[in-house]
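Asks: Have a look at this one.
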Amino acid sequence: MRTILFTGKGGVGKTTLSAATALRAAELGHRTLVISTDTAHSLGDALGVTLSNAPQRLPGTELEALELDTGEELERYWGNIKRRLADELAAQGVSAPVAGELAILPGLDELVALVRLRHYQAHGAYDLLVIDSAPTGAAMRLLGAPDLQRAVSRNVRGLSSGAARLLMPALSRALKQPLSEMALQTQIQSLFDEIADLRQALSNRDLTSVRLVLNPDQLSLRETQRAYTYMCLFGLNVDSLYVNRLLPPSVQDPFFAHWKADQAVHVDEVRAMYAPLPVFPLTLQEREVVGVPALSALGRAVYANIDPSSALADEQPLRFESRNGYQVLRLGVSGVGTHEVQLDKVGDELRVRLGNFRRTLALPQVLAALEPAWASIEGHDLVVAFREPTPQQ
Ligand SMILES: Nc1ncnc2c1ncn2[C@@H]1O[C@H](COP(=O)(O)OP(=O)(O)OP(=O)(O)O)[C@@H](O)[C@H]1O
Ligand SMILES: [Mg+2]
């Protein structure tokens with residue numbers, strides 16, 4: 001049983017690819033369920049059917065689909081806590097609807113929705129789950145946070161900064177009192193336990209593939225780079241990338257000449273940046289890709305003779321670890337040969353040069369504040385260790 005999770009920036013084609021992938025997998029005989037965890041669902045619209053919170057078979061296919069009711073999941077895990085927070089805030093004079101909104105942590109709704117996946121994973125009725133997730137990285141960041149409990153309370157404190165500072169006393173009171181009560185403690189603990197299980201499943205390459213969707217433009221490339229770094233930092237298993245909306249060769253209008261040239265450069269960049277992960281290019285279709293026939297056709301075209309339900313990569317070119325008190329980054333550089341390593345850290349980017357091999361890495365926050373201490377080649381990896389910057393004299 002494998003879980004495939006599509007993610008990427010808003011509007012790049014996550015829902016389209018989730019549906020196309022799931023349809024193709026079902027066509028190949030895998031018992032497949034496609035789930036939208038985005039609160040702003042569009043999976044049903046893309047497939048041309050009305051979906052609900054329970055799995056339903058799509059007419060004319062073997063595929064089942066559902067749109068998770070994140071409100072319902074959130075209520076189950078966070079309802080009591082949310083009401084306590086909201087009451088405290090309302091008592092401080094915050095209007096009820098605003099208090100209700102503030103009592104939900106960013107990303108938490110999608111996170112509790114992801115927990116529902118655990119039930120399908122454990123259930124055994126499917127060979128494949130395909131997840132169409134929300135564009136924001138909030139859920140992913142929460143999910144990846146090494147100490148989730150701390151991350152959640154940091155998030156709550158974050159809410160109280162800036163204009164909302166005034167709410168601080170209410171928040172801290174609300175958090176201190178109710179959280180010390182047994183019932184709520186148990187509830188929160190059970191949520192954290194389920195998330196810990198889910199995190200373990202997501203970082204197991206035998207069980208999960210994260211697939212990144214992007215468009216061939218600079219902003220999308222940069223955002224993907226950051227997302228990828230965080231996925232690797234948290235040990236999530238990215239196994240492929242999808243560059244969607246490339247202008248097809250049939251477009252010959254000179255107006256698009258620069259667009260096409262830039263897009264070709266971006267595809268090459270993506271291939272070089274994520275090698276050896278497979279990169280799937282998808283051309284812009286003549287019209288929106290909606291309905292089962294169009295999405296099935298897209299699925300067949302994208303994967304050709306590859307089975308989309310299998311793991312598409314067996315190594316992760318970027319990994320993070322700590323060693324002897326150093327934070328260490330490992331980058332796969334097989335086939336590069338022996339050259340002097342040149343490192344250049346500019347802001348939160350690390351530029352690596354090894355002979356002809358060049359790569360720019362978006363560093364996670366924990367490393368961006370540090371400076372490279374040493375670098376060496378170990379087997380097929382370039383290993384870079386970071387340390388606290390030496391104070392300027
Ligand atoms: N290759 C393509 N050719 C033509 N239309 C496309 C293509 N890919 C996606 N679209 C269309 O673009 C729109 C947005 O795609 P989609 O909903 O899959 O993006 P998304 O990443 O899921 O967006 P959101 O972040 O809002 O969830 C849809 O109308 C879809 O049919
Ligand atoms: Mg979508």
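Every chain in the structure tokens takes a letter, A first, then B, and so on in the order presented; its residues are numbered from 1, and the ligands are numbered from 1 following the presented order.
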With only C-alpha atoms and all ligand atoms counted, collect every polymer residue having an atom within 8 Å of ligand 2; state the result as an NGL selection string.

Replies: :A and (10-11 or 13-16 or 38 or 40-43 or 132-135)

Asks: At most 10 Å is the cut-off: for each residue in chain A with any atom that close to an atom of ligand 1, write down the nearest atom pair and the distance in Å rounded to one decimal, counting only C-alpha atoms and all ligand atoms, chain first then increasing number, as a Markdown table.

Replies:
```
| residue | atom | partner | partner_atom_place_in_ligand_line | distance |
| --- | --- | --- | --- | --- |
| A:Phe6 | CA | ligand 1 | 21 (O) | 9.0 |
| A:Thr7 | CA | ligand 1 | 21 (O) | 7.7 |
| A:Gly8 | CA | ligand 1 | 21 (O) | 6.6 |
| A:Lys9 | CA | ligand 1 | 25 (O) | 6.1 |
| A:Gly10 | CA | ligand 1 | 25 (O) | 3.2 |
| A:Gly11 | CA | ligand 1 | 23 (O) | 3.2 |
| A:Val12 | CA | ligand 1 | 21 (O) | 4.0 |
| A:Gly13 | CA | ligand 1 | 18 (O) | 3.2 |
| A:Lys14 | CA | ligand 1 | 21 (O) | 3.8 |
| A:Thr15 | CA | ligand 1 | 22 (O) | 3.6 |
| A:Thr16 | CA | ligand 1 | 18 (O) | 3.6 |
| A:Leu17 | CA | ligand 1 | 18 (O) | 6.4 |
| A:Ser18 | CA | ligand 1 | 18 (O) | 7.9 |
| A:Ala19 | CA | ligand 1 | 18 (O) | 8.5 |
| A:Ala20 | CA | ligand 1 | 18 (O) | 9.7 |
| A:Ser36 | CA | ligand 1 | 27 (O) | 9.3 |
| A:Thr37 | CA | ligand 1 | 27 (O) | 9.9 |
| A:Asp38 | CA | ligand 1 | 27 (O) | 7.1 |
| A:Thr39 | CA | ligand 1 | 27 (O) | 9.3 |
| A:Ala40 | CA | ligand 1 | 27 (O) | 7.3 |
| A:His41 | CA | ligand 1 | 27 (O) | 7.4 |
| A:Ser42 | CA | ligand 1 | 17 (O) | 6.5 |
| A:Leu43 | CA | ligand 1 | 17 (O) | 7.7 |
| A:Asp45 | CA | ligand 1 | 17 (O) | 8.9 |
| A:Ala46 | CA | ligand 1 | 31 (O) | 6.6 |
| A:Leu47 | CA | ligand 1 | 31 (O) | 9.7 |
| A:Asp132 | CA | ligand 1 | 22 (O) | 7.3 |
| A:Ser133 | CA | ligand 1 | 27 (O) | 7.4 |
| A:Ala134 | CA | ligand 1 | 27 (O) | 6.0 |
| A:Pro135 | CA | ligand 1 | 25 (O) | 4.8 |
| A:Thr136 | CA | ligand 1 | 25 (O) | 8.3 |
| A:Val213 | CA | ligand 1 | 21 (O) | 7.5 |
| A:Leu214 | CA | ligand 1 | 21 (O) | 8.4 |
| A:Asn215 | CA | ligand 1 | 8 (N) | 9.2 |
| A:Val243 | CA | ligand 1 | 1 (N) | 9.1 |
| A:Asn244 | CA | ligand 1 | 1 (N) | 5.4 |
| A:Arg245 | CA | ligand 1 | 1 (N) | 4.4 |
| A:Leu246 | CA | ligand 1 | 1 (N) | 7.3 |
| A:Leu247 | CA | ligand 1 | 1 (N) | 9.1 |
| A:Pro248 | CA | ligand 1 | 1 (N) | 9.9 |
| A:Pro281 | CA | ligand 1 | 1 (N) | 9.4 |
| A:Leu282 | CA | ligand 1 | 1 (N) | 5.8 |
| A:Thr283 | CA | ligand 1 | 1 (N) | 5.2 |
| A:Leu284 | CA | ligand 1 | 3 (N) | 3.7 |
| A:Gln285 | CA | ligand 1 | 3 (N) | 3.7 |
| A:Glu286 | CA | ligand 1 | 4 (C) | 6.3 |
| A:Arg287 | CA | ligand 1 | 4 (C) | 5.2 |
| A:Glu288 | CA | ligand 1 | 31 (O) | 3.8 |
| A:Val289 | CA | ligand 1 | 31 (O) | 3.9 |
| A:Val290 | CA | ligand 1 | 31 (O) | 5.4 |
| A:Gly291 | CA | ligand 1 | 31 (O) | 9.1 |
| A:Ala294 | CA | ligand 1 | 31 (O) | 9.5 |
| A:Leu295 | CA | ligand 1 | 31 (O) | 9.0 |
| A:Leu298 | CA | ligand 1 | 1 (N) | 8.4 |
```

Asks: Could the residues in this selection be written to a file with N, CA and C atoms, as a short mmCIF file (atom, residue, chain, number, x, y, z; two decimals), in the first residue's frame?

Replies:
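Output (out.cif):
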```
data_model
loop_
_atom_site.label_atom_id
_atom_site.label_comp_id
_atom_site.auth_asym_id
_atom_site.auth_seq_id
_atom_site.Cartn_x
_atom_site.Cartn_y
_atom_site.Cartn_z
N PHE A 6 0.43 14.83 -3.54
CA PHE A 6 0.81 15.90 -4.46
C PHE A 6 0.78 17.23 -3.73
N THR A 7 1.85 18.00 -3.90
CA THR A 7 1.82 19.33 -3.30
C THR A 7 2.56 20.31 -4.21
N GLY A 8 2.45 21.60 -3.91
CA GLY A 8 3.04 22.64 -4.75
C GLY A 8 2.29 23.94 -4.52
N LYS A 9 2.77 24.97 -5.18
CA LYS A 9 2.21 26.32 -5.06
C LYS A 9 0.75 26.34 -5.52
N GLY A 10 0.03 27.39 -5.15
CA GLY A 10 -1.37 27.51 -5.55
C GLY A 10 -1.54 27.54 -7.06
N GLY A 11 -2.49 26.78 -7.56
CA GLY A 11 -2.88 26.85 -8.97
C GLY A 11 -1.95 26.18 -9.98
N VAL A 12 -0.91 25.48 -9.51
CA VAL A 12 0.05 24.92 -10.47
C VAL A 12 -0.44 23.65 -11.18
N GLY A 13 -1.44 22.98 -10.58
CA GLY A 13 -1.97 21.76 -11.22
C GLY A 13 -2.00 20.54 -10.30
N LYS A 14 -2.01 20.75 -9.00
CA LYS A 14 -2.00 19.63 -8.04
C LYS A 14 -3.24 18.75 -8.19
N THR A 15 -4.41 19.39 -8.25
CA THR A 15 -5.65 18.63 -8.34
C THR A 15 -5.69 17.85 -9.66
N THR A 16 -5.28 18.52 -10.74
CA THR A 16 -5.26 17.88 -12.05
C THR A 16 -4.37 16.64 -12.03
N LEU A 17 -3.17 16.79 -11.46
CA LEU A 17 -2.25 15.66 -11.45
C LEU A 17 -2.68 14.56 -10.49
N SER A 18 -3.28 14.93 -9.36
CA SER A 18 -3.77 13.91 -8.43
C SER A 18 -4.82 13.06 -9.12
N ALA A 19 -5.76 13.72 -9.79
CA ALA A 19 -6.85 13.00 -10.45
C ALA A 19 -6.32 12.15 -11.60
N ALA A 20 -5.42 12.72 -12.41
CA ALA A 20 -4.89 11.99 -13.56
C ALA A 20 -4.09 10.77 -13.10
N SER A 36 -9.17 14.57 -1.52
CA SER A 36 -8.79 15.98 -1.44
C SER A 36 -8.80 16.39 0.02
N THR A 37 -7.66 16.94 0.50
CA THR A 37 -7.61 17.42 1.89
C THR A 37 -7.62 18.94 1.93
N ASP A 38 -7.71 19.54 0.75
CA ASP A 38 -7.75 21.00 0.65
C ASP A 38 -9.12 21.46 1.17
N THR A 39 -9.13 22.53 2.00
CA THR A 39 -10.44 22.97 2.49
C THR A 39 -11.26 23.59 1.35
N ALA A 40 -10.55 24.19 0.38
CA ALA A 40 -11.25 24.73 -0.79
C ALA A 40 -11.21 23.62 -1.85
N HIS A 41 -12.15 22.66 -1.74
CA HIS A 41 -12.10 21.48 -2.60
C HIS A 41 -12.34 21.82 -4.06
N SER A 42 -11.59 21.19 -4.96
CA SER A 42 -11.95 21.32 -6.37
C SER A 42 -11.80 19.99 -7.08
N LEU A 43 -11.54 18.92 -6.32
CA LEU A 43 -11.37 17.59 -6.93
C LEU A 43 -12.65 17.16 -7.65
N ASP A 45 -14.99 19.06 -8.82
CA ASP A 45 -15.17 19.90 -10.02
C ASP A 45 -14.29 19.40 -11.15
N ALA A 46 -13.04 19.06 -10.81
CA ALA A 46 -12.12 18.59 -11.85
C ALA A 46 -12.64 17.29 -12.47
N LEU A 47 -13.15 16.40 -11.61
CA LEU A 47 -13.63 15.10 -12.10
C LEU A 47 -15.04 15.17 -12.68
N ASP A 132 -4.65 14.93 -2.80
CA ASP A 132 -4.61 16.26 -3.40
C ASP A 132 -4.62 17.24 -2.23
N SER A 133 -3.46 17.84 -1.93
CA SER A 133 -3.39 18.65 -0.71
C SER A 133 -3.46 20.14 -1.00
N ALA A 134 -3.60 20.92 0.06
CA ALA A 134 -3.72 22.37 -0.06
C ALA A 134 -2.39 22.97 -0.47
N PRO A 135 -2.43 24.15 -1.09
CA PRO A 135 -1.19 24.73 -1.58
C PRO A 135 -0.21 25.15 -0.50
N THR A 136 -0.70 25.58 0.64
CA THR A 136 0.23 26.14 1.61
C THR A 136 1.10 25.04 2.17
N VAL A 213 4.55 19.56 -7.73
CA VAL A 213 4.07 20.12 -9.00
C VAL A 213 4.51 21.57 -9.06
N LEU A 214 4.99 21.99 -10.24
CA LEU A 214 5.37 23.39 -10.41
C LEU A 214 5.11 23.82 -11.84
N ASN A 215 5.17 25.12 -12.08
CA ASN A 215 5.03 25.66 -13.42
C ASN A 215 6.41 26.18 -13.84
N VAL A 243 6.55 19.39 -14.12
CA VAL A 243 6.58 20.77 -14.61
C VAL A 243 5.39 20.92 -15.56
N ASN A 244 4.39 21.63 -15.09
CA ASN A 244 3.10 21.69 -15.80
C ASN A 244 2.91 23.01 -16.56
N ARG A 245 2.17 22.93 -17.66
CA ARG A 245 1.80 24.10 -18.48
C ARG A 245 2.93 24.59 -19.38
N LEU A 246 3.70 23.65 -19.91
CA LEU A 246 4.71 24.05 -20.90
C LEU A 246 4.01 24.34 -22.22
N LEU A 247 4.42 25.41 -22.89
CA LEU A 247 3.82 25.69 -24.19
C LEU A 247 4.22 24.58 -25.15
N PRO A 248 3.27 24.00 -25.88
CA PRO A 248 3.61 22.86 -26.75
C PRO A 248 4.34 23.33 -28.01
N PRO A 281 7.58 16.45 -17.72
CA PRO A 281 7.07 17.68 -18.32
C PRO A 281 5.64 17.48 -18.81
N LEU A 282 4.78 18.49 -18.62
CA LEU A 282 3.38 18.41 -19.11
C LEU A 282 3.08 19.66 -19.90
N THR A 283 2.56 19.48 -21.09
CA THR A 283 2.27 20.67 -21.89
C THR A 283 0.91 21.25 -21.53
N LEU A 284 0.78 22.52 -21.79
CA LEU A 284 -0.50 23.21 -21.64
C LEU A 284 -1.46 22.61 -22.67
N GLN A 285 -2.64 22.21 -22.21
CA GLN A 285 -3.62 21.63 -23.13
C GLN A 285 -4.45 22.76 -23.77
N GLU A 286 -5.18 22.41 -24.79
CA GLU A 286 -5.94 23.45 -25.50
C GLU A 286 -7.05 24.04 -24.64
N ARG A 287 -7.48 23.25 -23.69
CA ARG A 287 -8.49 23.75 -22.76
C ARG A 287 -8.28 23.15 -21.37
N GLU A 288 -9.04 23.65 -20.39
CA GLU A 288 -8.93 23.12 -19.04
C GLU A 288 -9.06 21.60 -19.05
N VAL A 289 -8.30 20.93 -18.16
CA VAL A 289 -8.36 19.47 -18.13
C VAL A 289 -9.40 19.05 -17.09
N VAL A 290 -10.64 18.97 -17.52
CA VAL A 290 -11.71 18.57 -16.58
C VAL A 290 -12.48 17.38 -17.15
N GLY A 291 -13.02 16.58 -16.23
CA GLY A 291 -13.78 15.40 -16.64
C GLY A 291 -12.88 14.18 -16.70
N ALA A 294 -10.70 13.39 -20.10
CA ALA A 294 -9.53 14.26 -20.30
C ALA A 294 -8.44 13.96 -19.27
N LEU A 295 -8.85 13.73 -18.02
CA LEU A 295 -7.87 13.46 -16.97
C LEU A 295 -7.22 12.08 -17.16
N LEU A 298 -4.67 12.43 -19.84
CA LEU A 298 -3.49 13.11 -19.33
C LEU A 298 -2.62 12.14 -18.51
#
```

Asks: When DSSP works through the backbone of this structure, what residues of stretch 229-294 of chain A end up as strand (DSSP E), shown as a list in words?

Replies: Val238, Asp239, Ser240, Leu241, Tyr242, Val243, Asn244, Arg245, Leu246, Val279, Phe280, Pro281, Leu282 and Thr283 of chain A

Asks: Would you save the residues from that selection as a JSON list (two decimals), in the first residue's frame, using C-alpha atoms?

Replies:
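The new file selection.json reads:
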```json
[["chain", "number", "residue", "atom", "x", "y", "z"],
["A", 238, "VAL", "CA", 10.03, 13.25, -2.60],
["A", 239, "ASP", "CA", 10.15, 10.86, -5.57],
["A", 240, "SER", "CA", 9.39, 13.04, -8.63],
["A", 241, "LEU", "CA", 8.56, 16.50, -9.97],
["A", 242, "TYR", "CA", 5.97, 17.66, -12.52],
["A", 243, "VAL", "CA", 6.58, 20.77, -14.61],
["A", 244, "ASN", "CA", 3.10, 21.69, -15.80],
["A", 245, "ARG", "CA", 1.80, 24.10, -18.48],
["A", 246, "LEU", "CA", 4.71, 24.05, -20.90],
["A", 279, "VAL", "CA", 11.03, 15.15, -13.83],
["A", 280, "PHE", "CA", 7.80, 14.87, -15.86],
["A", 281, "PRO", "CA", 7.07, 17.68, -18.32],
["A", 282, "LEU", "CA", 3.38, 18.41, -19.11],
["A", 283, "THR", "CA", 2.27, 20.67, -21.89]]
```

Asks: Atom CA of A:Glu194 to atom CA of A:Arg83: how many Å, to one decimal?

Replies: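 Between these atoms lies a distance of 21.8 Å.
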
Asks: If we count only C-alpha atoms and set the cut-off at 10 Å, which residues sit around A:Leu233, ignoring sequence neighbours fewer than 2 positions away in its own chain? Please answer as a list of chain:residue names.

Replies: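 The residues satisfying every condition are A:Gly144, A:Ala145, A:Pro146, A:Ala227, A:Tyr228, A:Thr229, A:Tyr230, A:Met231, A:Gly235, A:Leu236, A:Leu318, A:Arg319, A:Phe320, A:Glu321, A:Leu329, A:Leu363, A:Pro364, A:Val366.
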
Asks: Using the chain letters and numbers from this document, which residues of stretch 196-305 of chain A does DSSP assign to helix (DSSP H, G or I), as a VMD selection string?

Replies: chain A and resid 196 to 202 218 to 233 254 to 274 292 to 303

Asks: May I have the selected residues written with C-alpha atoms, as a PDB file, in the first residue's frame?

Replies:
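Writing done, so here's result.pdb:
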```pdb
ATOM      1  CA  ALA A 196       3.555  10.952  14.992  1.00  0.00           C
ATOM      2  CA  ASP A 197       2.314   7.732  13.311  1.00  0.00           C
ATOM      3  CA  LEU A 198       1.447   9.625  10.176  1.00  0.00           C
ATOM      4  CA  ARG A 199       4.833  11.313  10.102  1.00  0.00           C
ATOM      5  CA  GLN A 200       6.527   7.951  10.359  1.00  0.00           C
ATOM      6  CA  ALA A 201       4.474   6.605   7.449  1.00  0.00           C
ATOM      7  CA  LEU A 202       5.179   9.692   5.351  1.00  0.00           C
ATOM      8  CA  GLN A 218      11.072  31.586 -11.761  1.00  0.00           C
ATOM      9  CA  LEU A 219       8.756  32.126  -8.807  1.00  0.00           C
ATOM     10  CA  SER A 220       7.423  28.602  -8.982  1.00  0.00           C
ATOM     11  CA  LEU A 221      10.956  27.204  -9.222  1.00  0.00           C
ATOM     12  CA  ARG A 222      12.094  29.099  -6.154  1.00  0.00           C
ATOM     13  CA  GLU A 223       9.104  28.145  -4.084  1.00  0.00           C
ATOM     14  CA  THR A 224       9.552  24.520  -5.073  1.00  0.00           C
ATOM     15  CA  GLN A 225      13.198  24.646  -4.074  1.00  0.00           C
ATOM     16  CA  ARG A 226      12.231  25.819  -0.606  1.00  0.00           C
ATOM     17  CA  ALA A 227       9.463  23.275  -0.301  1.00  0.00           C
ATOM     18  CA  TYR A 228      11.855  20.540  -1.395  1.00  0.00           C
ATOM     19  CA  THR A 229      14.478  21.577   1.154  1.00  0.00           C
ATOM     20  CA  TYR A 230      11.901  21.404   3.930  1.00  0.00           C
ATOM     21  CA  MET A 231      10.589  18.040   2.770  1.00  0.00           C
ATOM     22  CA  CYS A 232      14.152  16.684   2.869  1.00  0.00           C
ATOM     23  CA  LEU A 233      14.833  18.296   6.219  1.00  0.00           C
ATOM     24  CA  PRO A 254       6.610  34.713 -32.369  1.00  0.00           C
ATOM     25  CA  PHE A 255       4.905  36.419 -29.410  1.00  0.00           C
ATOM     26  CA  PHE A 256       5.576  33.275 -27.356  1.00  0.00           C
ATOM     27  CA  ALA A 257       9.168  32.780 -28.543  1.00  0.00           C
ATOM     28  CA  HIS A 258      10.709  34.168 -25.322  1.00  0.00           C
ATOM     29  CA  TRP A 259       8.212  32.297 -23.169  1.00  0.00           C
ATOM     30  CA  LYS A 260       9.124  29.039 -24.848  1.00  0.00           C
ATOM     31  CA  ALA A 261      12.859  29.650 -24.626  1.00  0.00           C
ATOM     32  CA  ASP A 262      12.612  30.568 -20.921  1.00  0.00           C
ATOM     33  CA  GLN A 263      10.430  27.557 -20.202  1.00  0.00           C
ATOM     34  CA  ALA A 264      12.963  25.241 -21.854  1.00  0.00           C
ATOM     35  CA  VAL A 265      15.706  26.740 -19.674  1.00  0.00           C
ATOM     36  CA  HIS A 266      13.562  26.247 -16.567  1.00  0.00           C
ATOM     37  CA  VAL A 267      12.907  22.594 -17.376  1.00  0.00           C
ATOM     38  CA  ASP A 268      16.653  22.024 -17.790  1.00  0.00           C
ATOM     39  CA  GLU A 269      17.257  23.786 -14.480  1.00  0.00           C
ATOM     40  CA  VAL A 270      14.721  21.589 -12.737  1.00  0.00           C
ATOM     41  CA  ARG A 271      16.272  18.438 -14.162  1.00  0.00           C
ATOM     42  CA  ALA A 272      19.758  19.520 -13.099  1.00  0.00           C
ATOM     43  CA  MET A 273      18.639  20.711  -9.693  1.00  0.00           C
ATOM     44  CA  TYR A 274      16.838  17.538  -8.628  1.00  0.00           C
ATOM     45  CA  VAL A 292     -12.742  11.760 -16.404  1.00  0.00           C
ATOM     46  CA  PRO A 293     -11.864  11.232 -20.112  1.00  0.00           C
ATOM     47  CA  ALA A 294      -9.528  14.259 -20.298  1.00  0.00           C
ATOM     48  CA  LEU A 295      -7.867  13.458 -16.972  1.00  0.00           C
ATOM     49  CA  SER A 296      -7.438   9.769 -17.873  1.00  0.00           C
ATOM     50  CA  ALA A 297      -5.829  10.752 -21.158  1.00  0.00           C
ATOM     51  CA  LEU A 298      -3.485  13.111 -19.326  1.00  0.00           C
ATOM     52  CA  GLY A 299      -2.548  10.345 -16.854  1.00  0.00           C
ATOM     53  CA  ARG A 300      -1.670   7.983 -19.689  1.00  0.00           C
ATOM     54  CA  ALA A 301       0.358  10.656 -21.484  1.00  0.00           C
ATOM     55  CA  VAL A 302       2.310  11.721 -18.382  1.00  0.00           C
ATOM     56  CA  TYR A 303       3.324   8.285 -17.158  1.00  0.00           C
TER      57      TYR A 303
END
```

Asks: Would you mind listing what lies within 8 Å of stretch 335-347 of chain A as a CSV table (one decimal) with C-alpha atoms, in the first residue's frame, with only C-alpha atoms counted and same-chain residues fewer than 3 positions away left out?

Replies:
```csv
chain,number,residue,atom,x,y,z
A,350,LEU,CA,24.2,27.9,-0.6
A,351,ARG,CA,25.9,27.8,-4.0
A,352,VAL,CA,27.9,24.7,-4.6
A,353,ARG,CA,30.6,24.3,-7.3
A,354,LEU,CA,32.5,21.1,-8.0
A,355,GLY,CA,34.1,21.3,-11.4
A,356,ASN,CA,31.2,21.5,-13.9
A,357,PHE,CA,28.7,20.6,-11.2
A,368,ALA,CA,20.7,29.8,7.0
A,371,GLU,CA,28.0,29.3,8.1
A,372,PRO,CA,29.7,26.4,6.3
A,375,ALA,CA,33.0,20.2,3.2
A,376,SER,CA,34.2,16.8,1.9
A,380,HIS,CA,28.7,9.6,-3.8
```

Asks: With a distance cut-off of 9 Å and only C-alpha atoms, select the neighbouring residues of A:Tyr326, excluding the residue or stretch itself and same-chain residues fewer than 5 positions from it, and output the selection as number ranges by chain.

Replies: A: 321, 373, 385-387

Asks: Produce a file of the selected residues containing N, CA and C atoms, as a short mmCIF file (atom, residue, chain, number, x, y, z; two decimals), in the first residue's frame.

Replies:
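Heads up, here's the output in again_0.cif:
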```cif
data_model
loop_
_atom_site.label_atom_id
_atom_site.label_comp_id
_atom_site.auth_asym_id
_atom_site.auth_seq_id
_atom_site.Cartn_x
_atom_site.Cartn_y
_atom_site.Cartn_z
N GLU A 321 21.46 15.90 8.48
CA GLU A 321 21.67 15.11 9.70
C GLU A 321 22.52 15.92 10.66
N ALA A 373 31.31 25.17 7.68
CA ALA A 373 32.55 24.99 8.45
C ALA A 373 33.55 24.17 7.64
N ALA A 385 29.34 20.70 6.47
CA ALA A 385 28.98 20.90 7.88
C ALA A 385 28.86 22.39 8.16
N PHE A 386 27.94 22.74 9.01
CA PHE A 386 27.69 24.15 9.34
C PHE A 386 28.01 24.41 10.81
N ARG A 387 28.39 25.63 11.10
CA ARG A 387 28.64 26.01 12.51
C ARG A 387 28.16 27.44 12.73
#
```
